[in-house]
>>> print(open('input-v5.cif').read())   # mmCIF, C-alpha atoms and all ligand atoms
data_run
loop_
_atom_site.label_atom_id
_atom_site.label_comp_id
_atom_site.auth_asym_id
_atom_site.auth_seq_id
_atom_site.Cartn_x
_atom_site.Cartn_y
_atom_site.Cartn_z
CA MET A 1 0.00 0.00 0.00
CA ALA A 2 1.26 3.47 -0.86
CA ASP A 3 1.82 5.66 2.19
CA PRO A 4 -1.25 7.95 2.22
CA GLY A 5 0.69 10.72 3.98
CA PRO A 6 -0.30 12.31 7.29
CA LEU A 7 -3.74 13.68 8.12
CA LEU A 8 -4.03 17.43 8.59
CA VAL A 9 -6.82 18.16 11.06
CA TYR A 10 -8.46 21.52 10.31
CA GLY A 11 -11.91 22.69 9.29
CA PRO A 12 -14.65 25.30 9.72
CA ARG A 13 -15.07 24.52 13.43
CA SER A 14 -11.38 25.17 14.17
CA THR A 15 -11.83 28.94 14.19
CA THR A 16 -14.92 28.78 16.44
CA TYR A 17 -12.72 28.14 19.50
CA ASP A 18 -12.50 31.86 20.13
CA PHE A 19 -12.31 33.72 23.45
CA GLY A 20 -12.66 37.10 21.74
CA PRO A 21 -10.47 39.69 19.99
CA ALA A 22 -8.41 40.63 23.08
CA HIS A 23 -7.47 37.04 23.99
CA PRO A 24 -3.93 35.80 23.18
CA LEU A 25 -5.02 32.33 21.93
CA THR A 26 -6.53 33.79 18.81
CA PRO A 27 -8.04 31.98 15.81
CA ARG A 28 -6.21 34.63 13.74
CA ARG A 29 -3.29 32.19 13.91
CA PHE A 30 -5.03 29.82 11.50
CA GLY A 31 -4.87 32.35 8.61
CA PRO A 32 -1.09 32.64 8.31
CA GLY A 33 -0.62 29.15 9.82
CA ILE A 34 -2.80 27.05 7.52
CA SER A 35 -1.88 29.10 4.44
CA LEU A 36 1.81 28.38 5.02
CA LEU A 37 1.05 24.65 5.37
CA GLU A 38 -0.95 24.83 2.13
CA ALA A 39 1.99 26.51 0.42
CA LEU A 40 3.97 23.41 1.43
CA GLY A 41 1.39 21.26 -0.35
CA ALA A 42 -0.75 20.32 2.64
CA VAL A 43 -4.51 19.86 2.22
CA PRO A 44 -6.67 19.79 5.37
CA ASN A 45 -8.44 16.43 5.21
CA LEU A 46 -10.03 15.84 8.61
CA ALA A 47 -12.48 18.53 9.74
CA PRO A 48 -13.00 18.51 13.52
CA GLU A 49 -16.52 17.72 14.77
CA PRO A 50 -17.56 17.59 18.43
CA ALA A 51 -16.64 14.55 20.51
CA THR A 52 -19.69 13.03 22.21
CA ASP A 53 -20.43 13.49 25.91
CA ASP A 54 -19.67 9.81 26.51
CA GLU A 55 -16.23 10.28 24.95
CA LEU A 56 -15.49 13.50 26.85
CA GLU A 57 -16.40 11.67 30.08
CA TRP A 58 -13.38 9.39 29.58
CA VAL A 59 -11.33 12.34 30.86
CA HIS A 60 -13.81 14.89 32.29
CA GLU A 61 -16.46 14.79 35.01
CA ILE A 62 -20.09 14.94 33.91
CA GLY A 63 -20.77 17.94 36.18
CA TYR A 64 -18.02 19.86 34.38
CA LEU A 65 -19.60 19.19 30.97
CA ASP A 66 -22.86 20.54 32.41
CA ALA A 67 -21.05 23.70 33.54
CA VAL A 68 -19.48 24.26 30.11
CA LYS A 69 -22.85 23.71 28.41
CA ALA A 70 -24.49 26.24 30.78
CA PHE A 71 -21.83 28.89 29.91
CA SER A 72 -22.31 28.01 26.26
CA VAL A 73 -25.91 29.23 26.52
CA ASP A 74 -25.31 32.04 29.04
CA PRO A 75 -21.73 33.36 28.89
CA THR A 76 -22.58 36.02 31.50
CA ALA A 77 -23.19 33.47 34.29
CA PRO A 78 -20.98 33.84 37.40
CA SER A 79 -17.50 32.25 37.24
CA ARG A 80 -17.14 28.59 38.12
CA ALA A 81 -15.18 25.50 37.04
CA GLY A 82 -12.28 27.70 35.95
CA ILE A 83 -14.46 29.57 33.44
CA GLY A 84 -15.03 33.31 33.73
CA PRO A 85 -13.30 36.65 33.18
CA GLY A 86 -9.52 36.08 32.97
CA ASP A 87 -7.59 33.31 31.20
CA THR A 88 -10.51 31.14 30.15
CA PRO A 89 -13.61 33.32 29.63
CA ALA A 90 -17.01 32.01 28.63
CA PHE A 91 -18.29 32.47 25.08
CA ALA A 92 -21.51 31.52 23.30
CA GLY A 93 -21.23 28.04 21.82
CA MET A 94 -18.12 27.19 23.83
CA HIS A 95 -19.20 23.59 24.48
CA ALA A 96 -19.51 22.68 20.78
CA ALA A 97 -16.35 24.60 19.84
CA SER A 98 -14.33 22.96 22.63
CA ALA A 99 -15.79 19.50 22.00
CA ALA A 100 -14.78 19.90 18.34
CA VAL A 101 -11.13 20.49 19.29
CA ALA A 102 -11.32 17.32 21.38
CA GLY A 103 -13.10 15.49 18.54
CA GLY A 104 -10.40 16.50 16.05
CA SER A 105 -7.63 14.87 18.09
CA LEU A 106 -9.83 11.87 18.91
CA ARG A 107 -10.79 11.07 15.27
CA ALA A 108 -7.17 11.55 14.22
CA MET A 109 -6.10 9.01 16.85
CA GLU A 110 -8.79 6.60 15.63
CA ALA A 111 -7.51 6.90 12.05
CA ILE A 112 -4.02 6.06 13.33
CA LEU A 113 -5.29 3.12 15.41
CA ARG A 114 -7.21 1.74 12.40
CA GLY A 115 -4.00 1.95 10.36
CA ASP A 116 -5.48 4.40 7.84
CA VAL A 117 -2.46 6.68 8.36
CA LEU A 118 0.77 6.57 10.33
CA HIS A 119 0.78 10.23 11.34
CA ALA A 120 -1.71 13.02 11.94
CA PHE A 121 -1.21 16.68 12.85
CA HIS A 122 -3.89 18.78 14.56
CA PRO A 123 -2.61 22.38 14.79
CA GLY A 124 -5.72 23.57 16.71
CA GLY A 125 -5.28 20.84 19.33
CA GLY A 126 -2.94 20.62 22.29
CA LEU A 127 -5.20 22.09 25.00
CA HIS A 128 -3.08 20.49 27.69
CA HIS A 129 -4.08 22.49 30.79
CA ALA A 130 -7.73 21.35 30.96
CA MET A 131 -8.40 19.33 34.14
CA PRO A 132 -11.04 16.66 34.84
CA ALA A 133 -13.42 19.14 36.45
CA ARG A 134 -12.19 22.59 35.46
CA ALA A 135 -10.93 24.72 32.63
CA SER A 136 -7.48 26.26 32.94
CA GLY A 137 -5.03 28.34 30.93
CA PHE A 138 -7.13 28.83 27.74
CA CYS A 139 -8.05 25.11 27.72
CA VAL A 140 -11.61 23.78 28.12
CA TYR A 141 -11.48 20.10 27.07
CA ASP A 142 -8.19 18.20 27.14
CA ASP A 143 -7.83 16.87 23.59
CA PRO A 144 -4.37 15.27 24.03
CA ALA A 145 -5.53 13.48 27.18
CA LEU A 146 -8.64 12.28 25.31
CA ALA A 147 -6.65 10.94 22.35
CA ILE A 148 -4.35 9.15 24.81
CA ALA A 149 -7.40 7.68 26.59
CA ARG A 150 -8.65 6.34 23.24
CA ALA A 151 -5.36 4.54 22.58
CA ARG A 152 -5.45 3.16 26.13
CA ARG A 153 -8.91 1.66 25.44
CA ASP A 154 -7.12 -0.45 22.81
CA GLY A 155 -4.54 -1.38 25.42
CA LEU A 156 -1.64 0.46 23.78
CA ARG A 157 1.17 2.07 25.77
CA VAL A 158 1.35 5.80 25.04
CA LEU A 159 4.31 8.16 25.16
CA TYR A 160 3.20 11.80 25.43
CA VAL A 161 5.81 14.49 24.69
CA ASP A 162 4.88 18.07 25.62
CA LEU A 163 7.11 20.74 24.05
CA ASP A 164 4.93 23.74 24.97
CA VAL A 165 6.68 26.37 27.14
CA HIS A 166 4.07 25.71 29.85
CA HIS A 167 3.93 22.50 31.89
CA GLY A 168 1.47 19.96 30.45
CA ASP A 169 -0.30 19.73 33.79
CA GLY A 170 -3.74 18.59 32.63
CA VAL A 171 -2.49 15.60 30.65
CA GLN A 172 -0.18 14.65 33.52
CA ALA A 173 -3.03 14.91 36.07
CA ILE A 174 -5.55 12.96 33.97
CA HIS A 175 -3.16 10.05 33.37
CA TRP A 176 -1.29 10.41 36.70
CA SER A 177 -1.94 6.88 37.95
CA ASP A 178 -1.79 5.02 34.64
CA PRO A 179 1.53 3.16 34.21
CA GLY A 180 0.68 2.71 30.52
CA VAL A 181 1.07 6.44 29.86
CA MET A 182 4.45 8.13 30.06
CA THR A 183 4.25 11.93 29.94
CA ILE A 184 7.42 13.96 29.34
CA SER A 185 7.04 17.74 29.59
CA ILE A 186 9.86 20.22 28.93
CA HIS A 187 8.90 23.75 29.94
CA GLU A 188 9.91 26.98 31.61
CA THR A 189 10.07 26.38 35.36
CA GLY A 190 6.87 26.74 37.37
CA ARG A 191 8.80 29.12 39.63
CA ALA A 192 8.64 31.70 36.82
CA LEU A 193 5.61 30.72 34.73
CA PHE A 194 2.03 29.44 34.73
CA PRO A 195 0.80 26.90 35.85
CA GLY A 196 3.46 26.78 38.60
CA THR A 197 3.91 22.99 38.49
CA GLY A 198 6.04 20.49 36.55
CA PHE A 199 8.95 19.75 38.89
CA PRO A 200 11.14 16.61 38.76
CA ASP A 201 9.55 15.12 41.90
CA GLU A 202 6.16 14.85 40.14
CA LEU A 203 6.68 11.23 39.10
CA GLY A 204 3.21 9.67 38.93
CA GLY A 205 0.93 7.85 41.38
CA GLY A 206 1.13 4.29 42.73
CA GLU A 207 2.04 1.75 40.05
CA ALA A 208 2.68 4.63 37.65
CA ILE A 209 5.61 6.10 39.58
CA GLY A 210 8.42 6.98 37.21
CA THR A 211 6.14 7.45 34.19
CA LYS A 212 5.54 11.17 34.67
CA VAL A 213 8.63 13.18 33.71
CA ASN A 214 9.29 16.90 34.04
CA LEU A 215 12.13 19.06 32.75
CA PRO A 216 11.72 22.54 34.25
CA LEU A 217 14.09 25.02 32.60
CA ASP A 218 15.24 28.43 33.77
CA PRO A 219 14.07 31.61 32.01
CA TRP A 220 16.27 32.49 28.99
CA THR A 221 17.13 28.88 28.18
CA GLY A 222 17.60 28.71 24.41
CA GLU A 223 18.04 26.10 21.71
CA ARG A 224 21.51 25.19 22.99
CA GLY A 225 19.97 23.97 26.26
CA TRP A 226 16.44 22.96 25.23
CA LEU A 227 17.35 20.70 22.31
CA PRO A 228 20.28 18.86 23.97
CA ALA A 229 18.08 18.29 27.04
CA LEU A 230 15.45 16.64 24.83
CA GLU A 231 18.07 14.64 22.96
CA LEU A 232 19.39 13.31 26.28
CA VAL A 233 16.05 12.35 27.76
CA LEU A 234 13.61 11.38 24.98
CA PRO A 235 15.44 8.47 23.28
CA ALA A 236 16.58 7.01 26.61
CA LEU A 237 13.09 7.09 28.12
CA ALA A 238 11.44 5.80 24.94
CA GLU A 239 13.86 2.87 25.12
CA ALA A 240 12.94 2.27 28.77
CA PHE A 241 9.17 2.66 28.24
CA ARG A 242 8.70 1.10 24.78
CA PRO A 243 5.61 3.02 23.64
CA GLU A 244 3.13 1.66 21.10
CA VAL A 245 1.71 5.10 20.21
CA VAL A 246 3.29 8.56 20.42
CA VAL A 247 1.33 11.76 21.05
CA SER A 248 3.16 15.09 21.04
CA GLN A 249 2.19 18.68 21.76
CA HIS A 250 4.14 21.33 19.82
CA GLY A 251 3.25 24.61 21.47
CA ALA A 252 5.19 27.37 19.72
CA ASP A 253 5.45 29.54 22.84
CA ALA A 254 8.95 28.37 23.79
CA HIS A 255 10.19 30.57 20.93
CA ALA A 256 12.42 33.58 21.63
CA PHE A 257 9.81 35.98 20.17
CA ASP A 258 6.87 34.69 22.22
CA PRO A 259 5.34 37.49 24.31
CA LEU A 260 4.03 35.30 27.19
CA ALA A 261 7.15 33.38 28.29
CA HIS A 262 10.92 33.61 28.58
CA LEU A 263 12.60 30.74 26.77
CA GLN A 264 14.60 31.48 23.61
CA VAL A 265 14.02 28.43 21.45
CA THR A 266 14.12 28.67 17.62
CA THR A 267 12.02 27.17 14.84
CA THR A 268 15.20 25.30 13.85
CA ALA A 269 15.30 23.50 17.20
CA MET A 270 11.53 22.91 17.09
CA GLY A 271 12.00 21.17 13.74
CA ALA A 272 14.80 19.01 15.12
CA ALA A 273 12.58 18.08 18.10
CA ALA A 274 9.69 17.13 15.79
CA ARG A 275 11.99 14.93 13.70
CA LEU A 276 13.27 13.28 16.89
CA VAL A 277 9.68 12.49 17.96
CA ASP A 278 8.94 11.11 14.47
CA SER A 279 12.00 8.86 14.61
CA LEU A 280 10.96 7.46 18.01
CA ALA A 281 7.43 6.75 16.70
CA HIS A 282 8.96 4.67 13.92
CA ARG A 283 11.51 2.95 16.14
CA TYR A 284 9.06 1.85 18.85
CA ALA A 285 5.44 2.45 17.79
CA GLU A 286 5.24 1.21 14.19
CA GLY A 287 5.03 4.87 13.19
CA ARG A 288 1.83 5.66 15.15
CA TRP A 289 2.17 9.40 15.88
CA LEU A 290 -0.40 12.09 16.63
CA SER A 291 1.00 15.61 16.89
CA THR A 292 -0.86 18.73 17.96
CA GLY A 293 -0.23 22.46 18.17
CA GLY A 294 -0.59 24.23 21.49
CA GLY A 295 0.29 27.68 22.76
CA GLY A 296 2.03 30.28 20.62
CA TYR A 297 1.26 33.96 20.74
CA ASP A 298 3.46 35.43 18.02
CA VAL A 299 1.01 34.28 15.39
CA TYR A 300 2.66 35.77 12.28
CA ARG A 301 6.40 35.30 12.79
CA VAL A 302 6.46 32.09 14.83
CA VAL A 303 3.33 29.91 14.88
CA PRO A 304 3.09 29.28 11.10
CA ARG A 305 6.73 28.26 10.89
CA ALA A 306 6.52 26.09 14.03
CA TRP A 307 3.51 24.25 12.54
CA SER A 308 5.38 23.88 9.25
CA GLN A 309 8.29 22.25 11.04
CA VAL A 310 5.96 19.62 12.52
CA TRP A 311 4.22 19.07 9.19
CA LEU A 312 7.53 18.67 7.33
CA ALA A 313 8.76 16.21 9.97
CA ALA A 314 5.55 14.17 9.59
CA ASN A 315 6.11 14.12 5.81
CA HIS A 316 9.80 13.21 6.16
CA ALA A 317 10.41 16.24 3.94
CA PRO A 318 13.38 18.61 4.05
CA VAL A 319 12.88 22.14 5.36
CA PRO A 320 12.84 24.60 2.44
CA ALA A 321 15.21 27.52 2.82
CA GLU A 322 12.75 30.34 2.20
CA THR A 323 9.12 31.02 3.01
CA PRO A 324 7.04 31.94 -0.06
CA THR A 325 7.12 35.64 -0.99
CA ALA A 326 3.38 35.59 -1.71
CA TRP A 327 2.73 34.29 1.83
CA GLN A 328 4.94 37.01 3.36
CA GLU A 329 3.15 39.71 1.36
CA ARG A 330 -0.32 38.34 2.13
CA TRP A 331 0.18 38.68 5.92
CA ALA A 332 2.65 41.59 6.13
CA GLU A 333 0.03 44.26 6.88
CA ASP A 334 -1.73 42.18 9.57
CA ALA A 335 1.65 41.37 11.14
CA ARG A 336 2.51 45.07 11.24
CA ARG A 337 -0.84 45.94 12.82
CA TYR A 338 -0.24 43.45 15.64
CA GLY A 339 3.42 44.40 16.18
CA GLN A 340 4.75 41.06 14.88
CA SER A 341 6.71 42.32 11.87
CA PRO A 342 8.52 41.69 9.61
CA MET A 343 7.22 38.44 8.16
CA PRO A 344 10.07 35.90 8.29
CA ALA A 345 11.81 35.01 5.04
CA THR A 346 13.13 31.62 6.20
CA PHE A 347 11.60 28.54 7.88
CA ASP A 348 14.65 27.96 10.09
CA ASP A 349 15.87 30.74 12.37
CA PRO A 350 19.39 32.11 12.57
CA PRO A 351 21.28 30.90 15.68
CA ASN A 352 19.61 32.09 18.93
CA ALA A 353 16.82 33.56 16.73
CA GLY A 354 19.26 36.32 15.75
CA LEU A 355 19.46 37.66 19.30
CA PRO A 356 22.79 38.31 21.06
CA TYR A 357 24.00 35.27 23.04
CA ARG A 358 24.67 36.60 26.54
CA ALA A 359 26.55 35.01 29.45
CA ASP A 360 23.20 34.52 31.25
CA ASP A 361 21.87 32.62 28.24
CA GLU A 362 24.87 30.32 28.20
CA ALA A 363 24.50 29.65 31.93
CA ALA A 364 20.80 28.80 31.48
CA ASP A 365 21.65 26.44 28.61
CA GLN A 366 24.27 24.67 30.72
CA ARG A 367 21.79 24.30 33.58
CA ALA A 368 19.20 22.80 31.21
CA ILE A 369 21.61 20.03 30.28
CA ARG A 370 22.43 19.34 33.93
CA ILE A 371 18.70 19.21 34.82
CA ALA A 372 18.13 16.76 31.97
CA GLU A 373 20.95 14.52 33.24
CA GLN A 374 19.57 14.61 36.79
CA VAL A 375 15.98 13.95 35.73
CA LEU A 376 16.99 11.06 33.48
CA GLU A 377 18.99 9.48 36.30
CA LEU A 378 16.10 9.95 38.77
CA VAL A 379 13.47 8.53 36.41
CA LEU A 380 15.52 5.51 35.32
CA ARG A 381 16.29 4.75 38.98
CA THR A 382 12.60 5.10 39.90
CA LEU A 383 11.47 2.85 37.04
CA ASP A 384 14.12 0.33 38.07
CA THR A 385 13.03 0.12 41.71
CA ARG A 386 9.45 -0.49 40.50
CA LYS A 387 10.39 -3.75 38.81
ZN ZN A 401 7.31 9.44 10.18
ZN ZN A 402 1.83 27.29 26.44
#
>>> encode(input="input-v5.cif", output="structure tokens", more="lines below")
Ligand SMILES: [Zn+2]
Ligand SMILES: [Zn+2]
Amino acid sequence: MADPGPLLVYGPRSTTYDFGPAHPLTPRRFGPGISLLEALGAVPNLAPEPATDDELEWVHEIGYLDAVKAFSVDPTAPSRAGIGPGDTPAFAGMHAASAAVAGGSLRAMEAILRGDVLHAFHPGGGLHHAMPARASGFCVYDDPALAIARARRDGLRVLYVDLDVHHGDGVQAIHWSDPGVMTISIHETGRALFPGTGFPDELGGGEAIGTKVNLPLDPWTGERGWLPALELVLPALAEAFRPEVVVSQHGADAHAFDPLAHLQVTTTAMGAAARLVDSLAHRYAEGRWLSTGGGGYDVYRVVPRAWSQVWLAANHAPVPAETPTAWQERWAEDARRYGQSPMPATFDDPPNAGLPYRADDEAADQRAIRIAEQVLELVLRTLDTRK
């Protein structure tokens, strides 16, 4: 059988997940983001539709679904369940819009489990902060946790890799006590950034101890710390855990230009990380790999190129040198209006995203590598004592 190529999960419902014009997680990102993927030859071929209540209840409490549905009808209701003015405000239709994000990742996982495709990419997915009974950090329903739960219903062991700058706390919490799910999150330390968790001593509950892995990095860590830390930890833990499915979250907010956090990662390093995840999916999981987007708040300069890096990795395609001129011109005015100019001319970044490499940066990068060594040693020791 000819390789059908990866699924690209995107459709009319993707832009309905919208907290309003002042909110950082804006559906504006899909304009420059999807058009750059299309310039690379991608065609969206799985349109997200809402997951059912029964499916959402694999990872969320029924009372929480009722709360989201109530806000969906009356967005002015008093705050509860993490929904209200602030990070995760109510909006009309929020249940269907949020359930569709979850449904997009879930149907993509089902296509992978059926063997229709090896890989799927859902740029609008990756809502990794949502908890069983509350919304958090722009996330209403936890689509990566739901896709993982679906693979677990088939009895498959799942490796979840979370590259977003924020700790993947919701996915970790939902699968905390399941030894068949290994979560590995690399993020800016909770001492400096939301959600304030994700430390090395969060190792999983009961039988699952050693399967929850956290790499908290200092502010200003760049590609010379972030990527080597991943290269130390990911292959070694995949070898120890032997996953049968890989799910990864590719939040673009670890980038140097991101306005909400303080790491200094590049699109070059994000591409290398995506290719590393792809290679592990082939080595251990017969190629079964679902990737999602995530955070990312520089939606013209960074998010489209970060998504392209994942898409190219899933297609085993080389990274072109230059972004299309027509694409740059199409979005230049919008980028200027939002202070995210100029449109980038290349997919890969210059070293350190073109920023000066200061002594503080080098120290943070060195610490990242030491943290990775310590976490790897701790986790392997913990997994060993469990046997
Ligand atoms: Zn592949
Ligand atoms: Zn994030």
>>> residues_around(input="input-v5.cif", residues="Leu280 in chain A", least_positions_apart="4", cutoff="8 Å", atoms="only C-alpha atoms", output="ChimeraX atom specification")
/A:235,238,276,284-285
>>> atom_distance(input="input-v5.cif", atom1="CA of Asp348 in chain A", atom2="CA of His255 in chain A")
12.0 Å
>>> atom_distance(input="input-v5.cif", atom1="CA of Gln172 in chain A", atom2="CA of Glu286 in chain A")
24.2 Å
>>> residues_near_point(input="input-v5.cif", point="(6.9, 15.7, 27.0)", cutoff="6 Å", atoms="all atoms listed in the file", output="PyMOL selection string")
chain A and resi 160-163+183-186
>>> atom_distance(input="input-v5.cif", atom1="CA of Gly295 in chain A", atom2="CA of Trp331 in chain A")
20.1 Å
>>> closest_residue(input="input-v5.cif", among="A:Val299, A:Leu234, A:Leu383, A:Leu312", to="ligand ZN 401 (chain A)", atoms="only C-alpha atoms and all ligand atoms")
A:Leu312
>>> residues_near_ligand(input="input-v5.cif", ligand="ligand ZN 402 (chain A)", cutoff="6 Å", atoms="only C-alpha atoms and all ligand atoms", output="ChimeraX atom specification")
/A:164-166,251,253,295
>>> residues_around(input="input-v5.cif", residues="range 11-24 of chain A", least_positions_apart="2", cutoff="6 Å", atoms="all atoms listed in the file", output="list in words")
Thr26, Pro27, Ala47 and Ala97 of chain A
>>> closest_residue(input="input-v5.cif", among="A:Asp361, A:Asp74, A:Glu207, A:Asp278", to="Val310 in chain A", atoms="only C-alpha atoms")
A:Asp278
>>> closest_atom_pairs(input="input-v5.cif", of="chain A", to="ligand ZN 401 (chain A)", cutoff="7 Å", atoms="all atoms listed in the file", output="tab-separated table")
residue	atom	partner	partner_atom	distance
A:His119	CA	A:ZN401	ZN	6.7
A:Asp278	CA	A:ZN401	ZN	4.9
A:Ser279	CA	A:ZN401	ZN	6.5
A:His282	CA	A:ZN401	ZN	6.3
A:Gly287	CA	A:ZN401	ZN	5.9
A:Ala313	CA	A:ZN401	ZN	6.9
A:Ala314	CA	A:ZN401	ZN	5.1
A:Asn315	CA	A:ZN401	ZN	6.5
A:His316	CA	A:ZN401	ZN	6.0
>>> residues_around(input="input-v5.cif", residues="Val246 in chain A", least_positions_apart="5", cutoff="8 Å", atoms="all atoms listed in the file", output="PyMOL selection string")
chain A and resi 158-161+277+281+285+288-290
>>> closest_residue(input="input-v5.cif", among="A:Met94, A:Asp53, A:Val375, A:Asp154", to="Lys69 in chain A", atoms="only C-alpha atoms")
A:Met94
>>> residues_near_point(input="input-v5.cif", point="(5.9, 27.1, 34.7)", cutoff="10 Å", atoms="all atoms listed in the file", output="list in words")
Val165, His166, His167, Gly168, Asp169, Ile186, His187, Glu188, Thr189, Gly190, Arg191, Ala192, Leu193, Phe194, Pro195, Gly196, Thr197, Gly198, Phe199, Pro216, Leu217, Asp218, Pro219 and Ala261 of chain A
>>> closest_residue(input="input-v5.cif", among="A:Thr266, A:Thr323, A:Gln328, A:Ser105", to="Pro351 in chain A", atoms="all atoms listed in the file")
A:Thr266
>>> closest_residue(input="input-v5.cif", among="A:Gly115, A:Thr382, A:Asp87, A:Pro44", to="Phe138 in chain A", atoms="all atoms listed in the file")
A:Asp87
>>> closest_residue(input="input-v5.cif", among="A:Gly271, A:Gly205, A:Pro4, A:Gly210", to="Leu227 in chain A", atoms="all atoms listed in the file")
A:Gly271
>>> residues_around(input="input-v5.cif", residues="Pro259 in chain A", least_positions_apart="5", cutoff="9 Å", atoms="only C-alpha atoms", output="ChimeraX atom specification")
/A:253,296-298
>>> axis_aligned_box(input="input-v5.cif", around="range 363-376 of chain A", padding_each_side="3 Å", output="AutoDock Vina command-line options")
--center_x 20.2 --center_y 20.4 --center_z 32.7 --size_x 14.5 --size_y 24.6 --size_z 14.2
>>> residues_around(input="input-v5.cif", residues="Thr211 in chain A", least_positions_apart="6", cutoff="7 Å", atoms="only C-alpha atoms", output="ChimeraX atom specification")
/A:179,181-183,203-204
>>> closest_atom_pairs(input="input-v5.cif", of="range 239-258 of chain A", to="range 267-270 of chain A", cutoff="12 Å", atoms="all atoms listed in the file", output="CSV")
residue,atom,partner,partner_atom,distance
A:Gln249,CA,A:Met270,CA,11.3
A:His250,CA,A:Met270,CA,8.0
A:Gly251,CA,A:Met270,CA,9.5
A:Ala252,CA,A:Met270,CA,8.2
A:Asp253,CA,A:Thr267,CA,10.6
A:Ala254,CA,A:Met270,CA,9.0
A:His255,CA,A:Thr267,CA,7.2
A:Ala256,CA,A:Thr267,CA,9.3
A:Phe257,CA,A:Thr267,CA,10.5
A:Asp258,CA,A:Thr267,CA,11.7
>>> decode(input="input-v5.cif", residues="range 283-295 of chain A", atoms="N, CA, C and O atoms", output="mmCIF file, in the first residue's frame")
data_model
loop_
_atom_site.group_PDB
_atom_site.id
_atom_site.type_symbol
_atom_site.label_atom_id
_atom_site.label_comp_id
_atom_site.auth_asym_id
_atom_site.auth_seq_id
_atom_site.Cartn_x
_atom_site.Cartn_y
_atom_site.Cartn_z
ATOM 1 N N ARG A 283 10.655 3.960 15.505
ATOM 2 C CA ARG A 283 11.505 2.946 16.137
ATOM 3 C C ARG A 283 10.695 2.037 17.061
ATOM 4 O O ARG A 283 10.919 0.840 17.128
ATOM 5 N N TYR A 284 9.734 2.630 17.806
ATOM 6 C CA TYR A 284 9.056 1.851 18.851
ATOM 7 C C TYR A 284 7.580 1.591 18.577
ATOM 8 O O TYR A 284 7.028 0.642 19.103
ATOM 9 N N ALA A 285 6.910 2.466 17.825
ATOM 10 C CA ALA A 285 5.440 2.446 17.792
ATOM 11 C C ALA A 285 4.901 2.187 16.387
ATOM 12 O O ALA A 285 3.764 2.569 16.086
ATOM 13 N N GLU A 286 5.669 1.505 15.566
ATOM 14 C CA GLU A 286 5.241 1.215 14.188
ATOM 15 C C GLU A 286 4.783 2.474 13.470
ATOM 16 O O GLU A 286 3.897 2.430 12.610
ATOM 17 N N GLY A 287 5.322 3.613 13.872
ATOM 18 C CA GLY A 287 5.031 4.874 13.195
ATOM 19 C C GLY A 287 3.794 5.608 13.706
ATOM 20 O O GLY A 287 3.488 6.693 13.217
ATOM 21 N N ARG A 288 3.069 5.013 14.680
ATOM 22 C CA ARG A 288 1.829 5.665 15.152
ATOM 23 C C ARG A 288 2.150 6.953 15.911
ATOM 24 O O ARG A 288 2.679 6.910 17.019
ATOM 25 N N TRP A 289 1.802 8.103 15.296
ATOM 26 C CA TRP A 289 2.172 9.398 15.878
ATOM 27 C C TRP A 289 1.099 10.446 15.603
ATOM 28 O O TRP A 289 0.825 10.776 14.448
ATOM 29 N N LEU A 290 0.517 10.942 16.697
ATOM 30 C CA LEU A 290 -0.397 12.086 16.625
ATOM 31 C C LEU A 290 0.312 13.302 17.194
ATOM 32 O O LEU A 290 0.769 13.268 18.341
ATOM 33 N N SER A 291 0.415 14.359 16.405
ATOM 34 C CA SER A 291 1.005 15.612 16.886
ATOM 35 C C SER A 291 -0.076 16.689 16.920
ATOM 36 O O SER A 291 -1.008 16.671 16.113
ATOM 37 N N THR A 292 0.072 17.604 17.864
ATOM 38 C CA THR A 292 -0.860 18.733 17.964
ATOM 39 C C THR A 292 -0.067 20.035 18.054
ATOM 40 O O THR A 292 1.134 20.025 18.323
ATOM 41 N N GLY A 293 -0.774 21.150 17.840
ATOM 42 C CA GLY A 293 -0.228 22.455 18.166
ATOM 43 C C GLY A 293 -0.313 22.651 19.670
ATOM 44 O O GLY A 293 -0.216 21.698 20.440
ATOM 45 N N GLY A 294 -0.524 23.895 20.064
ATOM 46 C CA GLY A 294 -0.592 24.227 21.488
ATOM 47 C C GLY A 294 -0.572 25.736 21.615
ATOM 48 O O GLY A 294 -1.165 26.441 20.778
ATOM 49 N N GLY A 295 0.147 26.239 22.620
ATOM 50 C CA GLY A 295 0.286 27.680 22.763
ATOM 51 C C GLY A 295 1.111 28.268 21.629
ATOM 52 O O GLY A 295 1.627 27.555 20.755
#
